[in-house]
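*Asks:* Next comes the structure file start12.tsv, holding TSV, C-alpha atoms and all ligand atoms.
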```tsv
chain	number	residue	atom	x	y	z
A	1	MET	CA	27.97	-20.94	-40.09
A	2	SER	CA	27.52	-23.12	-37.07
A	3	SER	CA	27.12	-26.84	-37.50
A	4	PRO	CA	26.63	-29.70	-35.06
A	5	ASP	CA	30.33	-30.54	-35.61
A	6	SER	CA	31.68	-27.29	-34.21
A	7	PRO	CA	30.70	-26.97	-30.57
A	8	LEU	CA	30.53	-24.05	-28.25
A	9	PHE	CA	32.57	-24.24	-25.03
A	10	LEU	CA	31.14	-23.31	-21.66
A	11	THR	CA	33.17	-23.20	-18.45
A	12	PHE	CA	31.10	-23.19	-15.28
A	13	HIS	CA	32.56	-21.54	-12.20
A	14	GLY	CA	31.58	-21.90	-8.55
A	15	ASP	CA	28.24	-23.47	-7.80
A	16	THR	CA	26.81	-22.94	-11.31
A	17	ARG	CA	28.36	-26.35	-12.10
A	18	ASP	CA	26.15	-28.05	-9.49
A	19	LEU	CA	23.08	-26.77	-11.33
A	20	LEU	CA	23.81	-28.57	-14.60
A	21	SER	CA	21.39	-31.42	-15.26
A	22	LYS	CA	24.37	-33.44	-16.52
A	23	PRO	CA	27.51	-32.15	-14.76
A	24	PRO	CA	30.78	-32.82	-16.60
A	25	THR	CA	32.64	-35.70	-14.95
A	26	ARG	CA	36.12	-34.22	-14.77
A	27	ASP	CA	36.48	-30.51	-15.31
A	28	MET	CA	34.20	-27.50	-15.41
A	29	THR	CA	34.04	-27.11	-19.19
A	30	ILE	CA	31.49	-28.67	-21.48
A	31	ALA	CA	31.38	-28.76	-25.25
A	32	TYR	CA	27.89	-27.84	-26.37
A	33	PRO	CA	26.80	-28.89	-29.86
A	34	LEU	CA	25.47	-25.74	-31.44
A	35	SER	CA	22.69	-26.87	-33.72
A	36	ARG	CA	20.37	-23.88	-33.71
A	37	ARG	CA	20.41	-20.14	-33.21
A	38	ALA	CA	19.76	-19.53	-29.50
A	39	SER	CA	20.63	-16.91	-26.90
A	40	ILE	CA	23.13	-17.75	-24.18
A	41	LYS	CA	20.21	-17.49	-21.69
A	42	ASP	CA	18.27	-20.19	-23.50
A	43	ILE	CA	21.34	-22.41	-23.81
A	44	LEU	CA	22.20	-22.12	-20.11
A	45	GLU	CA	18.62	-22.78	-19.04
A	46	GLY	CA	18.42	-25.79	-21.36
A	47	LEU	CA	21.41	-27.16	-19.44
A	48	GLY	CA	19.62	-26.63	-16.10
A	49	VAL	CA	21.01	-23.25	-14.98
A	50	PRO	CA	18.29	-20.61	-14.39
A	51	HIS	CA	19.38	-17.13	-15.54
A	52	THR	CA	18.89	-15.77	-12.02
A	53	GLU	CA	21.83	-17.93	-10.82
A	54	VAL	CA	24.31	-16.36	-13.23
A	55	GLY	CA	26.35	-13.38	-12.04
A	56	ARG	CA	28.59	-12.80	-15.07
A	57	ILE	CA	28.96	-14.21	-18.59
A	58	VAL	CA	32.40	-13.54	-20.06
A	59	LEU	CA	33.63	-14.07	-23.63
A	60	ASP	CA	37.28	-13.23	-24.39
A	61	GLY	CA	37.47	-11.04	-21.30
A	62	VAL	CA	34.32	-9.07	-22.19
A	63	GLU	CA	31.08	-9.31	-20.20
A	64	GLN	CA	28.03	-10.32	-22.22
A	65	THR	CA	24.27	-9.92	-21.83
A	66	PHE	CA	21.75	-12.78	-21.73
A	67	GLU	CA	20.71	-11.92	-25.30
A	68	LYS	CA	24.14	-12.76	-26.75
A	69	ILE	CA	23.87	-15.32	-29.57
A	70	PRO	CA	26.92	-17.61	-29.31
A	71	LYS	CA	28.79	-18.78	-32.40
A	72	SER	CA	30.52	-22.12	-32.80
A	73	GLY	CA	34.01	-22.33	-31.36
A	74	GLU	CA	33.45	-19.49	-28.89
A	75	HIS	CA	34.34	-20.12	-25.24
A	76	PHE	CA	32.17	-18.56	-22.53
A	77	GLU	CA	32.94	-18.35	-18.81
A	78	ILE	CA	29.86	-18.63	-16.60
A	79	HIS	CA	30.19	-17.15	-13.10
A	80	PRO	CA	27.73	-17.54	-10.22
A	81	LEU	CA	25.96	-14.89	-8.16
A	82	SER	CA	28.26	-13.68	-5.43
A	83	PRO	CA	28.32	-11.24	-2.52
A	84	ALA	CA	30.54	-9.04	-4.73
A	85	LEU	CA	27.64	-8.58	-7.19
A	86	PRO	CA	24.76	-7.44	-4.96
A	87	PRO	CA	21.33	-6.79	-6.55
A	88	THR	CA	21.72	-3.16	-5.48
A	89	MET	CA	24.58	-2.70	-7.97
A	90	ALA	CA	24.08	-2.23	-11.73
A	91	THR	CA	25.76	-4.98	-13.77
A	92	ILE	CA	25.89	-5.91	-17.45
A	93	LEU	CA	23.35	-8.69	-16.87
A	94	ARG	CA	21.10	-6.59	-14.63
A	95	PRO	CA	21.52	-2.90	-15.49
A	96	GLU	CA	18.62	-1.76	-13.32
A	97	PRO	CA	19.50	-2.58	-9.70
A	98	LEU	CA	17.12	-2.95	-6.77
A	99	ALA	CA	16.80	-0.16	-4.21
A	100	ALA	CA	17.39	-2.63	-1.37
A	101	CYS	CA	17.73	-6.36	-0.73
A	102	ILE	CA	14.15	-7.26	0.07
A	103	PHE	CA	12.61	-10.66	-0.53
A	104	LEU	CA	9.60	-12.63	-1.67
A	105	VAL	CA	9.74	-16.12	-0.17
A	106	ASP	CA	8.07	-18.99	-2.03
A	107	ILE	CA	5.89	-21.57	-0.29
A	108	ASN	CA	8.48	-24.32	-0.82
A	109	VAL	CA	10.88	-22.46	1.51
A	110	GLY	CA	8.12	-20.99	3.68
A	111	ARG	CA	9.89	-21.14	7.03
A	112	LEU	CA	12.68	-18.99	5.65
A	113	ALA	CA	10.32	-15.98	5.64
A	114	GLY	CA	9.94	-16.02	9.44
A	115	LEU	CA	13.68	-16.50	9.96
A	116	LEU	CA	14.55	-13.59	7.66
A	117	ARG	CA	12.06	-11.39	9.54
A	118	MET	CA	13.59	-12.54	12.82
A	119	ALA	CA	16.93	-11.26	11.49
A	120	GLY	CA	15.23	-7.98	10.53
A	121	SER	CA	14.96	-8.42	6.75
A	122	ASP	CA	11.91	-7.38	4.75
A	123	ALA	CA	10.56	-10.78	3.62
A	124	GLU	CA	7.05	-11.14	2.22
A	125	ALA	CA	5.66	-14.65	1.73
A	126	VAL	CA	3.95	-15.99	-1.38
A	127	SER	CA	0.28	-16.52	-0.50
A	128	GLN	CA	-1.09	-20.04	-0.33
A	129	GLY	CA	-3.00	-20.95	-3.45
A	130	ALA	CA	-1.40	-18.18	-5.54
A	131	ALA	CA	-1.52	-18.78	-9.32
A	132	ASP	CA	1.56	-20.44	-10.90
A	133	ASN	CA	3.20	-17.27	-12.18
A	134	ALA	CA	2.04	-15.01	-9.35
A	135	PRO	CA	5.33	-15.11	-7.40
A	136	VAL	CA	7.26	-13.88	-10.45
A	137	THR	CA	4.93	-10.99	-11.27
A	138	ARG	CA	4.76	-9.95	-7.62
A	139	ALA	CA	8.55	-10.04	-7.16
A	140	VAL	CA	9.00	-7.84	-10.24
A	141	ARG	CA	6.21	-5.44	-9.28
A	142	GLU	CA	7.49	-4.96	-5.72
A	143	GLY	CA	11.22	-4.97	-6.54
A	144	ARG	CA	11.89	-8.11	-4.46
A	145	ILE	CA	14.31	-11.01	-4.82
A	146	LEU	CA	12.35	-14.24	-5.31
A	147	LEU	CA	13.66	-17.05	-3.08
A	148	THR	CA	12.45	-20.47	-4.18
A	149	ARG	CA	13.40	-24.09	-4.80
A	150	ASN	CA	11.41	-24.10	-8.05
A	151	ARG	CA	13.81	-23.76	-11.01
A	152	ASP	CA	11.05	-23.29	-13.55
A	153	LEU	CA	9.91	-20.08	-11.85
A	154	LEU	CA	13.47	-18.73	-11.97
A	155	LYS	CA	13.73	-19.39	-15.71
A	156	GLN	CA	10.94	-16.94	-16.50
A	157	ARG	CA	12.27	-14.09	-18.59
A	158	LEU	CA	10.26	-11.45	-16.70
A	159	LEU	CA	12.09	-12.22	-13.46
A	160	VAL	CA	15.31	-10.28	-12.89
A	161	PHE	CA	16.32	-11.07	-9.31
A	162	GLY	CA	15.87	-14.49	-7.75
A	163	HIS	CA	17.79	-17.24	-6.07
A	164	LEU	CA	17.48	-20.99	-6.06
A	165	VAL	CA	17.70	-21.86	-2.37
A	166	ARG	CA	20.12	-24.79	-2.16
A	167	SER	CA	19.74	-26.04	1.40
A	168	GLN	CA	16.69	-27.97	2.58
A	169	ASP	CA	17.13	-27.02	6.24
A	170	PRO	CA	15.55	-23.65	7.19
A	171	ASP	CA	18.40	-22.58	9.51
A	172	ARG	CA	20.96	-23.29	6.81
A	173	GLN	CA	18.76	-21.54	4.25
A	174	LEU	CA	18.92	-18.40	6.41
A	175	ALA	CA	22.72	-18.61	6.63
A	176	GLU	CA	22.85	-19.12	2.83
A	177	ILE	CA	20.79	-15.98	2.14
A	178	VAL	CA	22.50	-13.80	4.76
A	179	ASN	CA	25.92	-14.74	3.35
A	180	LEU	CA	24.99	-14.37	-0.32
A	181	TYR	CA	23.42	-10.93	0.11
A	182	ARG	CA	25.66	-9.83	3.01
A	183	LEU	CA	22.61	-8.95	5.11
A	184	GLN	CA	23.14	-7.11	8.37
A	185	ASP	CA	20.90	-8.54	11.04
A	186	HIS	CA	18.65	-6.25	13.07
A	187	PRO	CA	16.77	-8.64	15.34
A	188	PHE	CA	13.52	-7.47	16.84
A	189	SER	CA	12.75	-4.92	14.16
A	190	ARG	CA	10.13	-6.88	12.16
A	191	CYS	CA	7.05	-8.90	13.02
A	192	ILE	CA	7.71	-12.59	12.49
A	193	ALA	CA	4.02	-13.19	11.79
A	194	CYS	CA	3.31	-10.54	9.15
A	195	ASN	CA	6.59	-8.74	8.16
A	196	GLY	CA	5.31	-5.43	9.60
A	197	LEU	CA	7.76	-3.03	11.26
A	198	LEU	CA	7.93	-3.01	15.06
A	199	THR	CA	7.83	0.26	17.00
A	200	GLU	CA	8.32	0.98	20.69
A	201	VAL	CA	5.05	1.19	22.57
A	202	GLU	CA	4.33	2.50	26.10
A	203	LYS	CA	3.38	-0.26	28.51
A	204	GLU	CA	0.35	1.70	29.74
A	205	ASN	CA	-1.14	1.63	26.23
A	206	ILE	CA	-1.13	-2.15	25.95
A	207	VAL	CA	-1.18	-3.27	29.59
A	208	ASP	CA	-4.68	-4.73	29.34
A	209	ARG	CA	-3.43	-7.17	26.64
A	210	LEU	CA	-0.61	-8.61	28.76
A	211	LEU	CA	-0.63	-11.82	30.77
A	212	PRO	CA	-0.11	-11.33	34.53
A	213	LEU	CA	3.54	-12.48	34.63
A	214	THR	CA	4.49	-10.47	31.55
A	215	LYS	CA	2.79	-7.46	33.11
A	216	LYS	CA	4.77	-7.96	36.31
A	217	TYR	CA	8.26	-8.58	34.96
A	218	TYR	CA	8.60	-6.69	31.64
A	219	HIS	CA	8.64	-2.99	31.00
A	220	ARG	CA	9.83	-2.46	27.42
A	221	PHE	CA	7.54	-3.45	24.58
A	222	LYS	CA	7.31	-3.23	20.83
A	223	GLN	CA	4.21	-3.51	18.70
A	224	CYS	CA	3.75	-4.51	15.07
A	225	THR	CA	2.52	-1.64	12.90
A	226	GLY	CA	0.87	-4.23	10.64
A	227	CYS	CA	-1.02	-6.70	12.82
A	228	GLY	CA	-0.71	-5.20	16.31
A	229	LYS	CA	1.15	-8.19	17.82
A	230	ILE	CA	3.09	-7.27	20.95
A	231	TYR	CA	6.73	-8.26	21.52
A	232	TRP	CA	8.75	-7.86	24.70
A	233	GLN	CA	12.38	-8.31	25.54
A	234	GLY	CA	11.94	-11.33	27.75
A	235	SER	CA	12.89	-14.96	27.32
A	236	HIS	CA	11.35	-14.85	23.83
A	237	HIS	CA	13.79	-12.14	22.75
A	238	LYS	CA	16.74	-14.03	24.23
A	239	LYS	CA	15.69	-17.23	22.45
A	240	MET	CA	15.54	-15.38	19.12
A	241	THR	CA	18.91	-13.67	19.47
A	242	ASP	CA	20.52	-16.92	20.66
A	243	LYS	CA	19.05	-18.73	17.68
A	244	LEU	CA	20.35	-16.08	15.24
A	245	ASP	CA	23.78	-16.17	16.87
A	246	GLY	CA	23.82	-19.92	16.49
A	247	ILE	CA	22.86	-19.82	12.80
A	248	LEU	CA	24.83	-16.79	11.63
A	249	ARG	CA	27.98	-16.86	13.69
A	250	ARG	CA	28.67	-20.54	14.15
B	1	ZN	ZN	2.59	-8.22	12.51
```
Rewrite the structure from the file as structure tokens, please.
Ligand SMILES: [Zn+2]
*Replies:*
Amino acid sequence: MSSPDSPLFLTFHGDTRDLLSKPPTRDMTIAYPLSRRASIKDILEGLGVPHTEVGRIVLDGVEQTFEKIPKSGEHFEIHPLSPALPPTMATILRPEPLAACIFLVDINVGRLAGLLRMAGSDAEAVSQGAADNAPVTRAVREGRILLTRNRDLLKQRLLVFGHLVRSQDPDRQLAEIVNLYRLQDHPFSRCIACNGLLTEVEKENIVDRLLPLTKKYYHRFKQCTGCGKIYWQGSHHKKMTDKLDGILRR
């Protein structure tokens, strides 16, 4: 039987330690007084670590699920998400993988949506005024990874794939996401405004929508299949690729 006198030990690896509401002062292990029957998920979230941030839970060399009920004296190793555990791979914690790394970007990291699209990733944005739980249900329904700075959303049991965006700066947020999910960038393949796919379009079909100088100097165009916005490989394109180079390969 567990009692408040016989704690549970939890060792936090990588950046899971930074998520603890009260980080241990010296090492990465905390003794947790086990006073009630609770799943490891509930224990971790009570300490400040949303389940979406955990990549592996290991007890005596064996990987555990979130439903595991710890016993006093046991020692768990808590590992973070990592590029080696992509959402497209089945794991003990998440046995049903995603088909692809596609995203739902919360309002609190709104500018990240445009930057991900600039890099060619499929990134839908949470609509303004959406109900509290709407981002979670939408992410699950559409098979997307929820990117947010709201820990409470990430603690919801229904959500499988999500990430607490650590940086406050949008450029660094993009680098964080590209590195974590090992995204390949394909600039100029998605509409920055609406996330629609861009396709090549003949100049003669859109020439009446171009400004005189654009009409004169540019010959290759792409158009958004969603909103119809026209893109051309002019100074705008160069600015975008330079910006991506600066963020992703600095
Ligand atoms: Zn568009």
*Asks:* For A:Asp60, find every residue with an atom within 10 Å (counting all atoms listed in the file), except residues of its own chain fewer than 4 positions away, and show them as a list in words.
*Replies:*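 Counting all atoms listed in the file, the residues come to Gln64, Glu74, His75, Phe76 and Glu77 of chain A.
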*Asks:* Can you write out as CSV which residues of chain A fall within 7 Å of ligand ZN 1 (chain B), alongside each residue's closest atom pair and its distance in Å to one decimal, counting all atoms listed in the file and ordering rows by chain and ascending residue number?
*Replies:*
```
residue,atom,partner,partner_atom,distance
A:Cys191,CA,B:ZN1,ZN,4.5
A:Ile192,CA,B:ZN1,ZN,6.7
A:Ala193,CA,B:ZN1,ZN,5.2
A:Cys194,CA,B:ZN1,ZN,4.1
A:Asn195,CA,B:ZN1,ZN,5.9
A:Gly196,CA,B:ZN1,ZN,4.9
A:Cys224,CA,B:ZN1,ZN,4.7
A:Thr225,CA,B:ZN1,ZN,6.6
A:Gly226,CA,B:ZN1,ZN,4.7
A:Cys227,CA,B:ZN1,ZN,3.9
A:Gly228,CA,B:ZN1,ZN,5.9
A:Lys229,CA,B:ZN1,ZN,5.5
```
*Asks:* Which residue out of A:Arg26, A:Arg166, A:Arg190, A:Lys239 has the minimum interatomic distance to A:Ala113 when all atoms listed in the file are used?
*Replies:* A:Arg190
*Asks:* Can you pull out every residue within 12 Å of A:Pro33, counting only C-alpha atoms, but drop anything in the same chain fewer than 3 positions away, and send it as a list of chain:residue names?
*Replies:* A:Ser2, A:Ser3, A:Pro4, A:Asp5, A:Ser6, A:Pro7, A:Leu8, A:Phe9, A:Leu10, A:Ile30, A:Arg36, A:Arg37, A:Ala38, A:Ile43, A:Leu47, A:Pro70, A:Lys71, A:Ser72, A:Gly73, A:Glu74
*Asks:* Which residue out of A:Asp152, A:Ala131, A:Leu44, A:Val178 has the minimum interatomic distance to A:Ile102 when only C-alpha atoms are used?
*Replies:* A:Val178
*Asks:* Can you tell me which residues surround stretch 85-98 of chain A at a distance of at most 12 Å, considering all atoms listed in the file, apart from same-chain residues fewer than 5 positions away, and format the answer as a PyMOL selection string?
*Replies:* chain A and resi 40-41+51-58+62-68+78-80+103+139-146+159-163+177-183
*Asks:* Which value, in Å to one decimal, gives the distance between atom CA of A:Ile69 and atom CA of A:Leu81?
*Replies:*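 Spanning atom CA of A:Ile69 to atom CA of A:Leu81 is a straight-line distance of 21.5 Å.
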*Asks:* In terms of the shortest atom-to-atom distance over only C-alpha atoms, which of A:Ser167, A:Leu248, A:Pro135, A:Gly234 is closest to A:Leu213?
*Replies:*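 Checking each candidate against A:Leu213, we get A:Gly234 as the closest.
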*Asks:* Counting only C-alpha atoms, which residue out of A:Lys215, A:Arg209, A:Lys155, A:His186 sits closest to A:Asp245?
*Replies:* A:His186
*Asks:* By how many Å are atom CA of A:Ile206 and atom CA of A:Ser235 apart?
*Replies:*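 According to the coordinates, atom CA of A:Ile206 and atom CA of A:Ser235 are separated by 19.0 Å.
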*Asks:* Can you tell me, as a PDB file with C-alpha atoms, keeping the file's coordinate frame, which residues sit within 8 Å of (9.6, -18.6, -0.8) in the file's frame, using only C-alpha atoms?
*Replies:*
```
ATOM      1  CA  LEU A 104       9.600 -12.630  -1.670  1.00  0.00           C
ATOM      2  CA  VAL A 105       9.740 -16.120  -0.170  1.00  0.00           C
ATOM      3  CA  ASP A 106       8.070 -18.990  -2.030  1.00  0.00           C
ATOM      4  CA  ILE A 107       5.890 -21.570  -0.290  1.00  0.00           C
ATOM      5  CA  ASN A 108       8.480 -24.320  -0.820  1.00  0.00           C
ATOM      6  CA  VAL A 109      10.880 -22.460   1.510  1.00  0.00           C
ATOM      7  CA  GLY A 110       8.120 -20.990   3.680  1.00  0.00           C
ATOM      8  CA  LEU A 112      12.680 -18.990   5.650  1.00  0.00           C
ATOM      9  CA  ALA A 113      10.320 -15.980   5.640  1.00  0.00           C
ATOM     10  CA  ALA A 125       5.660 -14.650   1.730  1.00  0.00           C
ATOM     11  CA  VAL A 126       3.950 -15.990  -1.380  1.00  0.00           C
ATOM     12  CA  LEU A 146      12.350 -14.240  -5.310  1.00  0.00           C
ATOM     13  CA  LEU A 147      13.660 -17.050  -3.080  1.00  0.00           C
ATOM     14  CA  THR A 148      12.450 -20.470  -4.180  1.00  0.00           C
ATOM     15  CA  ARG A 149      13.400 -24.090  -4.800  1.00  0.00           C
TER      16      ARG A 149
END
```
*Asks:* Could you work out how far atom CA of A:Leu164 lies from atom CA of A:Arg249, giving the answer in Å with one decimal?
*Replies:*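 Interatomic distance here is 22.7 Å.
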*Asks:* For each of A:Gly120, A:Arg151, A:Leu59, A:Leu158, take the minimum atom-to-atom distance to A:Thr137, counting all atoms listed in the file, then give the residue where this is smallest.
*Replies:*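 Residue with the minimum atom-to-atom distance to A:Thr137: A:Leu158.
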*Asks:* Select, from A:Arg111, A:Asn150, A:Gln233, A:Pro23, the residue with the minimum atom-to-atom distance to A:Arg172, counting all atoms listed in the file.
*Replies:*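 For A:Arg172, the nearest of the given residues is A:Arg111.
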